[in-house]
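Here is the file input.txt (compact mmCIF, N, CA and C atoms).
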```txt
# COMPACT_ATOMS: atom_id res chain seq x y z
N MET A 105 0.81 -1.19 0.00
CA MET A 105 0.00 0.00 0.00
C MET A 105 0.86 1.25 0.00
N ALA A 106 1.92 1.14 0.67
CA ALA A 106 2.81 2.28 0.72
C ALA A 106 3.30 2.62 -0.68
N ALA A 107 3.55 1.58 -1.43
CA ALA A 107 4.01 1.81 -2.80
C ALA A 107 2.90 2.47 -3.60
N ALA A 108 1.66 2.04 -3.38
CA ALA A 108 0.53 2.62 -4.09
C ALA A 108 0.35 4.07 -3.70
N ALA A 109 0.52 4.37 -2.41
CA ALA A 109 0.38 5.74 -1.95
C ALA A 109 1.47 6.60 -2.55
N GLU A 110 2.66 6.06 -2.64
CA GLU A 110 3.76 6.83 -3.22
C GLU A 110 3.50 7.08 -4.71
N GLY A 111 2.90 6.07 -5.41
CA GLY A 111 2.60 6.23 -6.84
C GLY A 111 1.57 7.33 -7.06
N VAL A 112 0.56 7.37 -6.19
CA VAL A 112 -0.49 8.39 -6.33
C VAL A 112 0.10 9.76 -6.07
N SER A 113 0.91 9.86 -5.03
CA SER A 113 1.49 11.17 -4.71
C SER A 113 2.47 11.58 -5.80
N ALA A 114 3.17 10.63 -6.37
CA ALA A 114 4.10 10.94 -7.44
C ALA A 114 3.33 11.44 -8.67
N THR A 115 2.20 10.84 -8.95
CA THR A 115 1.39 11.24 -10.08
C THR A 115 0.87 12.65 -9.87
N ARG A 116 0.47 12.95 -8.63
CA ARG A 116 -0.05 14.28 -8.35
C ARG A 116 1.05 15.34 -8.48
N ARG A 117 2.23 14.96 -8.15
CA ARG A 117 3.32 15.91 -8.25
C ARG A 117 3.62 16.23 -9.72
N GLU A 118 3.48 15.24 -10.55
CA GLU A 118 3.79 15.45 -11.97
C GLU A 118 2.72 16.30 -12.65
N GLU A 119 1.48 16.18 -12.27
CA GLU A 119 0.39 16.92 -12.91
C GLU A 119 0.58 18.42 -12.85
N PRO A 120 0.95 18.99 -11.70
CA PRO A 120 1.13 20.44 -11.69
C PRO A 120 2.23 20.86 -12.65
N ALA A 121 3.22 20.05 -12.82
CA ALA A 121 4.28 20.39 -13.76
C ALA A 121 3.71 20.48 -15.16
N ARG A 122 2.83 19.58 -15.47
CA ARG A 122 2.20 19.59 -16.80
C ARG A 122 1.35 20.84 -16.97
N ASP A 123 0.60 21.22 -15.97
CA ASP A 123 -0.25 22.40 -16.06
C ASP A 123 0.58 23.65 -16.29
N ASP A 124 1.73 23.73 -15.65
CA ASP A 124 2.59 24.89 -15.83
C ASP A 124 3.09 24.98 -17.26
N ALA A 125 3.43 23.84 -17.83
CA ALA A 125 3.92 23.84 -19.21
C ALA A 125 2.81 24.26 -20.16
N ALA A 126 1.59 23.80 -19.87
CA ALA A 126 0.46 24.14 -20.73
C ALA A 126 0.15 25.63 -20.64
N VAL A 127 0.26 26.20 -19.49
CA VAL A 127 -0.01 27.61 -19.32
C VAL A 127 1.03 28.44 -20.05
N GLU A 128 2.27 28.05 -19.94
CA GLU A 128 3.33 28.79 -20.63
C GLU A 128 3.14 28.72 -22.13
N THR A 129 2.80 27.52 -22.65
CA THR A 129 2.59 27.36 -24.08
C THR A 129 1.41 28.21 -24.52
N ALA A 130 0.34 28.25 -23.73
CA ALA A 130 -0.84 29.05 -24.07
C ALA A 130 -0.49 30.52 -24.09
N GLU A 131 0.36 30.99 -23.15
CA GLU A 131 0.75 32.39 -23.14
C GLU A 131 1.59 32.71 -24.38
N GLU A 132 2.41 31.79 -24.78
CA GLU A 132 3.22 32.03 -25.97
C GLU A 132 2.36 32.10 -27.22
N ALA A 133 1.31 31.27 -27.29
CA ALA A 133 0.44 31.27 -28.45
C ALA A 133 -0.39 32.54 -28.51
N LYS A 134 -0.68 33.15 -27.38
CA LYS A 134 -1.49 34.37 -27.35
C LYS A 134 -0.70 35.58 -27.81
N GLU A 135 0.57 35.52 -27.70
CA GLU A 135 1.38 36.68 -28.03
C GLU A 135 2.34 36.37 -29.17
N PRO A 136 1.84 36.25 -30.44
CA PRO A 136 2.76 35.98 -31.53
C PRO A 136 3.56 37.23 -31.86
N ALA A 137 4.62 37.03 -32.54
CA ALA A 137 5.50 38.14 -32.90
C ALA A 137 4.80 39.04 -33.90
N GLU A 138 5.18 40.30 -33.93
CA GLU A 138 4.58 41.29 -34.82
C GLU A 138 4.78 40.91 -36.29
N ALA A 139 5.93 40.36 -36.60
CA ALA A 139 6.22 39.95 -37.98
C ALA A 139 5.29 38.82 -38.40
N ASP A 140 4.97 37.91 -37.49
CA ASP A 140 4.07 36.80 -37.81
C ASP A 140 2.67 37.32 -38.11
N ILE A 141 2.20 38.27 -37.32
CA ILE A 141 0.86 38.83 -37.54
C ILE A 141 0.80 39.51 -38.90
N THR A 142 1.80 40.26 -39.22
CA THR A 142 1.85 40.96 -40.50
C THR A 142 1.86 39.95 -41.65
N GLU A 143 2.66 38.93 -41.51
CA GLU A 143 2.74 37.91 -42.57
C GLU A 143 1.43 37.17 -42.71
N LEU A 144 0.82 36.83 -41.56
CA LEU A 144 -0.47 36.14 -41.60
C LEU A 144 -1.56 37.03 -42.23
N CYS A 145 -1.53 38.31 -41.90
CA CYS A 145 -2.51 39.23 -42.50
C CYS A 145 -2.32 39.33 -44.01
N ARG A 146 -1.08 39.45 -44.42
CA ARG A 146 -0.81 39.50 -45.87
C ARG A 146 -1.27 38.23 -46.56
N ASP A 147 -0.98 37.09 -45.93
CA ASP A 147 -1.39 35.81 -46.50
C ASP A 147 -2.92 35.73 -46.58
N MET A 148 -3.59 36.16 -45.48
CA MET A 148 -5.06 36.13 -45.48
C MET A 148 -5.61 37.04 -46.57
N PHE A 149 -5.10 38.26 -46.68
CA PHE A 149 -5.59 39.19 -47.70
C PHE A 149 -5.31 38.68 -49.10
N SER A 150 -4.17 38.06 -49.29
CA SER A 150 -3.84 37.49 -50.59
C SER A 150 -4.81 36.37 -50.96
N LYS A 151 -5.07 35.51 -49.99
CA LYS A 151 -6.00 34.40 -50.27
C LYS A 151 -7.42 34.91 -50.45
N MET A 152 -7.81 35.93 -49.68
CA MET A 152 -9.14 36.51 -49.84
C MET A 152 -9.27 37.16 -51.20
N ALA A 153 -8.21 37.84 -51.63
CA ALA A 153 -8.23 38.47 -52.96
C ALA A 153 -8.35 37.40 -54.05
N THR A 154 -7.61 36.32 -53.89
CA THR A 154 -7.70 35.23 -54.87
C THR A 154 -9.11 34.64 -54.89
N TYR A 155 -9.69 34.46 -53.71
CA TYR A 155 -11.06 33.91 -53.62
C TYR A 155 -12.06 34.85 -54.28
N LEU A 156 -11.98 36.13 -53.93
CA LEU A 156 -12.92 37.10 -54.50
C LEU A 156 -12.73 37.24 -56.01
N THR A 157 -11.49 37.19 -56.46
CA THR A 157 -11.23 37.24 -57.90
C THR A 157 -11.86 36.04 -58.59
N GLY A 158 -11.73 34.88 -57.98
CA GLY A 158 -12.35 33.68 -58.54
C GLY A 158 -13.86 33.79 -58.58
N GLU A 159 -14.45 34.30 -57.50
CA GLU A 159 -15.91 34.47 -57.47
C GLU A 159 -16.37 35.46 -58.54
N LEU A 160 -15.68 36.58 -58.65
CA LEU A 160 -16.06 37.58 -59.65
C LEU A 160 -15.84 37.06 -61.07
N THR A 161 -14.79 36.31 -61.26
CA THR A 161 -14.53 35.72 -62.58
C THR A 161 -15.64 34.73 -62.94
N ALA A 162 -16.03 33.92 -61.97
CA ALA A 162 -17.11 32.95 -62.24
C ALA A 162 -18.41 33.67 -62.56
N THR A 163 -18.71 34.73 -61.81
CA THR A 163 -19.93 35.50 -62.08
C THR A 163 -19.86 36.16 -63.45
N SER A 164 -18.69 36.70 -63.78
CA SER A 164 -18.51 37.33 -65.09
C SER A 164 -18.69 36.30 -66.21
N GLU A 165 -18.14 35.13 -66.02
CA GLU A 165 -18.30 34.07 -67.03
C GLU A 165 -19.76 33.64 -67.16
N ASP A 166 -20.47 33.60 -66.03
CA ASP A 166 -21.90 33.27 -66.08
C ASP A 166 -22.66 34.30 -66.90
N TYR A 167 -22.34 35.58 -66.68
CA TYR A 167 -23.02 36.63 -67.44
C TYR A 167 -22.66 36.58 -68.92
N LYS A 168 -21.43 36.27 -69.24
CA LYS A 168 -21.04 36.13 -70.65
C LYS A 168 -21.79 34.98 -71.31
N LEU A 169 -21.90 33.87 -70.58
CA LEU A 169 -22.66 32.73 -71.11
C LEU A 169 -24.11 33.11 -71.32
N LEU A 170 -24.69 33.82 -70.36
CA LEU A 170 -26.08 34.25 -70.49
C LEU A 170 -26.25 35.20 -71.67
N GLU A 171 -25.28 36.09 -71.87
CA GLU A 171 -25.32 37.01 -73.01
C GLU A 171 -25.28 36.23 -74.32
N ASN A 172 -24.39 35.25 -74.41
CA ASN A 172 -24.31 34.44 -75.63
C ASN A 172 -25.60 33.67 -75.88
N MET A 173 -26.17 33.13 -74.82
CA MET A 173 -27.43 32.40 -74.96
C MET A 173 -28.54 33.34 -75.44
N ASN A 174 -28.57 34.57 -74.92
CA ASN A 174 -29.57 35.54 -75.36
C ASN A 174 -29.38 35.91 -76.82
N LYS A 175 -28.13 36.07 -77.25
CA LYS A 175 -27.87 36.38 -78.66
C LYS A 175 -28.34 35.24 -79.57
N LEU A 176 -28.01 34.01 -79.17
CA LEU A 176 -28.44 32.86 -79.98
C LEU A 176 -29.96 32.74 -80.02
N THR A 177 -30.59 32.99 -78.89
CA THR A 177 -32.05 32.93 -78.85
C THR A 177 -32.66 34.00 -79.74
N SER A 178 -32.07 35.18 -79.71
CA SER A 178 -32.55 36.26 -80.55
C SER A 178 -32.43 35.90 -82.03
N LEU A 179 -31.29 35.32 -82.42
CA LEU A 179 -31.11 34.90 -83.81
C LEU A 179 -32.12 33.83 -84.20
N LYS A 180 -32.38 32.90 -83.28
CA LYS A 180 -33.33 31.82 -83.57
C LYS A 180 -34.73 32.41 -83.77
N TYR A 181 -35.10 33.40 -82.93
CA TYR A 181 -36.41 34.02 -83.09
C TYR A 181 -36.50 34.79 -84.39
N LEU A 182 -35.41 35.41 -84.83
CA LEU A 182 -35.42 36.11 -86.12
C LEU A 182 -35.62 35.11 -87.26
N GLU A 183 -34.96 33.96 -87.17
CA GLU A 183 -35.15 32.92 -88.19
C GLU A 183 -36.60 32.45 -88.21
N MET A 184 -37.15 32.24 -87.02
CA MET A 184 -38.55 31.78 -86.93
C MET A 184 -39.49 32.85 -87.48
N LYS A 185 -39.18 34.13 -87.26
CA LYS A 185 -39.99 35.22 -87.79
C LYS A 185 -39.97 35.19 -89.31
N ASP A 186 -38.79 35.01 -89.90
CA ASP A 186 -38.67 34.94 -91.36
C ASP A 186 -39.47 33.77 -91.91
N ILE A 187 -39.39 32.63 -91.23
CA ILE A 187 -40.14 31.45 -91.68
C ILE A 187 -41.64 31.72 -91.60
N ALA A 188 -42.09 32.37 -90.52
CA ALA A 188 -43.51 32.68 -90.37
C ALA A 188 -43.97 33.66 -91.45
N ILE A 189 -43.13 34.63 -91.78
CA ILE A 189 -43.49 35.59 -92.85
C ILE A 189 -43.61 34.86 -94.18
N ASN A 190 -42.69 33.95 -94.48
CA ASN A 190 -42.76 33.18 -95.74
C ASN A 190 -44.01 32.31 -95.77
N ILE A 191 -44.32 31.68 -94.66
CA ILE A 191 -45.53 30.84 -94.61
C ILE A 191 -46.77 31.69 -94.84
N SER A 192 -46.82 32.87 -94.20
CA SER A 192 -47.96 33.77 -94.37
C SER A 192 -48.10 34.21 -95.83
N ARG A 193 -46.98 34.55 -96.44
CA ARG A 193 -47.00 34.98 -97.85
C ARG A 193 -47.49 33.84 -98.75
N ASN A 194 -46.98 32.64 -98.52
CA ASN A 194 -47.40 31.49 -99.33
C ASN A 194 -48.87 31.17 -99.12
N LEU A 195 -49.35 31.33 -97.89
CA LEU A 195 -50.76 31.07 -97.61
C LEU A 195 -51.65 32.08 -98.34
N LYS A 196 -51.23 33.34 -98.37
CA LYS A 196 -52.00 34.35 -99.11
C LYS A 196 -52.03 34.01 -100.60
N ASP A 197 -50.89 33.58 -101.15
CA ASP A 197 -50.83 33.20 -102.57
C ASP A 197 -51.78 32.03 -102.85
N LEU A 198 -51.75 31.03 -101.98
CA LEU A 198 -52.64 29.88 -102.17
C LEU A 198 -54.11 30.28 -102.08
N ASN A 199 -54.43 31.17 -101.15
CA ASN A 199 -55.82 31.63 -101.03
C ASN A 199 -56.26 32.39 -102.28
N GLN A 200 -55.36 33.20 -102.85
CA GLN A 200 -55.69 33.92 -104.09
C GLN A 200 -55.90 32.94 -105.25
N LYS A 201 -55.04 31.94 -105.34
CA LYS A 201 -55.19 30.94 -106.41
C LYS A 201 -56.49 30.16 -106.23
N TYR A 202 -56.82 29.82 -104.99
CA TYR A 202 -58.06 29.09 -104.73
C TYR A 202 -59.27 29.95 -105.10
N ALA A 203 -59.18 31.25 -104.76
CA ALA A 203 -60.27 32.15 -105.13
C ALA A 203 -60.41 32.24 -106.65
N GLY A 204 -59.29 32.21 -107.37
CA GLY A 204 -59.34 32.23 -108.84
C GLY A 204 -59.93 30.95 -109.41
N LEU A 205 -59.70 29.83 -108.74
CA LEU A 205 -60.24 28.55 -109.21
C LEU A 205 -61.68 28.30 -108.76
N GLN A 206 -62.18 29.09 -107.81
CA GLN A 206 -63.50 28.83 -107.24
C GLN A 206 -64.62 28.80 -108.29
N PRO A 207 -64.66 29.72 -109.28
CA PRO A 207 -65.73 29.63 -110.30
C PRO A 207 -65.69 28.29 -111.06
N TYR A 208 -64.51 27.83 -111.36
CA TYR A 208 -64.39 26.55 -112.07
C TYR A 208 -64.83 25.39 -111.18
N LEU A 209 -64.48 25.47 -109.90
CA LEU A 209 -64.92 24.42 -108.97
C LEU A 209 -66.44 24.42 -108.82
N ASP A 210 -67.04 25.62 -108.84
CA ASP A 210 -68.50 25.70 -108.77
C ASP A 210 -69.13 25.09 -110.02
N GLN A 211 -68.53 25.35 -111.19
CA GLN A 211 -69.04 24.76 -112.43
C GLN A 211 -68.94 23.23 -112.37
N ILE A 212 -67.84 22.73 -111.84
CA ILE A 212 -67.65 21.28 -111.72
C ILE A 212 -68.73 20.70 -110.81
N ASN A 213 -69.05 21.39 -109.73
CA ASN A 213 -70.09 20.90 -108.82
C ASN A 213 -71.45 20.88 -109.52
N VAL A 214 -71.75 21.91 -110.30
CA VAL A 214 -73.02 21.96 -111.03
C VAL A 214 -73.08 20.82 -112.04
N ILE A 215 -71.99 20.61 -112.77
CA ILE A 215 -71.96 19.52 -113.76
C ILE A 215 -72.12 18.17 -113.07
N GLU A 216 -71.49 18.02 -111.93
CA GLU A 216 -71.61 16.75 -111.19
C GLU A 216 -73.05 16.49 -110.77
N GLU A 217 -73.74 17.56 -110.31
CA GLU A 217 -75.15 17.40 -109.94
C GLU A 217 -76.00 17.05 -111.16
N GLN A 218 -75.68 17.69 -112.29
CA GLN A 218 -76.43 17.40 -113.51
C GLN A 218 -76.18 15.96 -113.97
N VAL A 219 -74.96 15.50 -113.87
CA VAL A 219 -74.63 14.13 -114.25
C VAL A 219 -75.38 13.15 -113.35
N ALA A 220 -75.44 13.44 -112.05
CA ALA A 220 -76.15 12.57 -111.12
C ALA A 220 -77.64 12.53 -111.47
N ALA A 221 -78.22 13.70 -111.81
CA ALA A 221 -79.64 13.74 -112.19
C ALA A 221 -79.86 12.98 -113.50
N LEU A 222 -78.95 13.14 -114.46
CA LEU A 222 -79.04 12.43 -115.73
C LEU A 222 -78.92 10.93 -115.53
N GLU A 223 -78.05 10.52 -114.62
CA GLU A 223 -77.88 9.10 -114.32
C GLU A 223 -79.16 8.51 -113.72
N GLN A 224 -79.78 9.26 -112.83
CA GLN A 224 -81.04 8.80 -112.25
C GLN A 224 -82.13 8.68 -113.33
N ALA A 225 -82.14 9.66 -114.23
CA ALA A 225 -83.12 9.61 -115.33
C ALA A 225 -82.85 8.40 -116.22
N ALA A 226 -81.57 8.10 -116.46
CA ALA A 226 -81.21 6.95 -117.28
C ALA A 226 -81.65 5.65 -116.60
N TYR A 227 -81.48 5.55 -115.26
CA TYR A 227 -81.92 4.35 -114.54
C TYR A 227 -83.45 4.20 -114.62
N LYS A 228 -84.14 5.33 -114.47
CA LYS A 228 -85.61 5.28 -114.55
C LYS A 228 -86.05 4.88 -115.96
N LEU A 229 -85.37 5.45 -116.97
CA LEU A 229 -85.70 5.12 -118.36
C LEU A 229 -85.41 3.65 -118.64
N ASP A 230 -84.32 3.14 -118.09
CA ASP A 230 -83.97 1.74 -118.27
C ASP A 230 -85.01 0.84 -117.63
N ALA A 231 -85.44 1.22 -116.41
CA ALA A 231 -86.47 0.42 -115.72
C ALA A 231 -87.78 0.47 -116.51
N TYR A 232 -88.15 1.64 -116.99
CA TYR A 232 -89.38 1.76 -117.75
C TYR A 232 -89.31 0.97 -119.06
N SER A 233 -88.15 1.02 -119.71
CA SER A 233 -88.01 0.28 -120.97
C SER A 233 -88.08 -1.22 -120.72
N LYS A 234 -87.57 -1.68 -119.58
CA LYS A 234 -87.66 -3.12 -119.25
C LYS A 234 -89.10 -3.52 -119.00
N LYS A 235 -89.86 -2.63 -118.34
CA LYS A 235 -91.28 -2.92 -118.13
C LYS A 235 -92.03 -2.99 -119.47
N LEU A 236 -91.70 -2.03 -120.35
CA LEU A 236 -92.35 -2.03 -121.66
C LEU A 236 -91.99 -3.28 -122.45
N GLU A 237 -90.74 -3.68 -122.37
CA GLU A 237 -90.31 -4.88 -123.07
C GLU A 237 -91.04 -6.11 -122.53
N ALA A 238 -91.16 -6.13 -121.19
CA ALA A 238 -91.87 -7.27 -120.59
C ALA A 238 -93.32 -7.27 -121.04
N LYS A 239 -93.99 -6.10 -121.09
CA LYS A 239 -95.38 -6.03 -121.54
C LYS A 239 -95.49 -6.43 -123.03
N TYR A 240 -94.53 -5.99 -123.80
CA TYR A 240 -94.54 -6.31 -125.22
C TYR A 240 -94.40 -7.81 -125.44
N LYS A 241 -93.51 -8.45 -124.71
CA LYS A 241 -93.33 -9.88 -124.85
C LYS A 241 -94.57 -10.61 -124.38
N LYS A 242 -95.19 -10.06 -123.35
CA LYS A 242 -96.40 -10.67 -122.83
C LYS A 242 -97.53 -10.56 -123.89
N LEU A 243 -97.62 -9.40 -124.51
CA LEU A 243 -98.64 -9.24 -125.54
C LEU A 243 -98.31 -10.04 -126.77
N GLU A 244 -97.13 -10.26 -127.10
CA GLU A 244 -96.71 -11.03 -128.24
C GLU A 244 -97.09 -12.49 -128.08
N LYS A 245 -96.99 -12.99 -126.87
CA LYS A 245 -97.30 -14.38 -126.61
C LYS A 245 -98.80 -14.60 -126.74
N ARG A 246 -99.65 -13.72 -126.59
CA ARG A 246 -101.09 -13.90 -126.69
C ARG A 246 -101.48 -13.91 -128.09
```
Now that the file is in, can you turn its structure into structure tokens?
Amino acid sequence: MAAAAEGVSATRREEPARDDAAVETAEEAKEPAEADITELCRDMFSKMATYLTGELTATSEDYKLLENMNKLTSLKYLEMKDIAINISRNLKDLNQKYAGLQPYLDQINVIEEQVAALEQAAYKLDAYSKKLEAKYKKLEKR
């Protein structure tokens, strides 16, 4: 037990020594040299400048990309406008040609109706002639 008591007391004696070393190290860390602070500030400002330059460059590149996309979109809309104008012009031409053909199309419709009426008359005449032929044959047999 005596040995155990001596070990505990020895351990306690060593701990304060450690605390003193830690305190001294902490005091040294709190008070860096003036040259170190200046160098650290320069390094921080240099890195901050590099970071901000990178951010601004990225933003600038984004805006350039957006500008290019807007230009391309504008050109595409101009092409689509030209196509729409050509389609409109061609549609007007077709409508004028159709209007010019309309009297002929009306004549064709009238002729078609007349042909249909003539065909019906021919069927009726054919049916009537068959009846007459049947009556004639019937009278011939008597």
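We find atom N of Thr157 in chain A and atom N of Leu144 in chain A to be spaced 19.3 Å apart.
Interatomic distance, CA of Ile191 in chain A to CA of Ala203 in chain A: 18.2 Å.
The space between atom N of Glu143 in chain A and atom C of Gly158 in chain A spans 24.3 Å.
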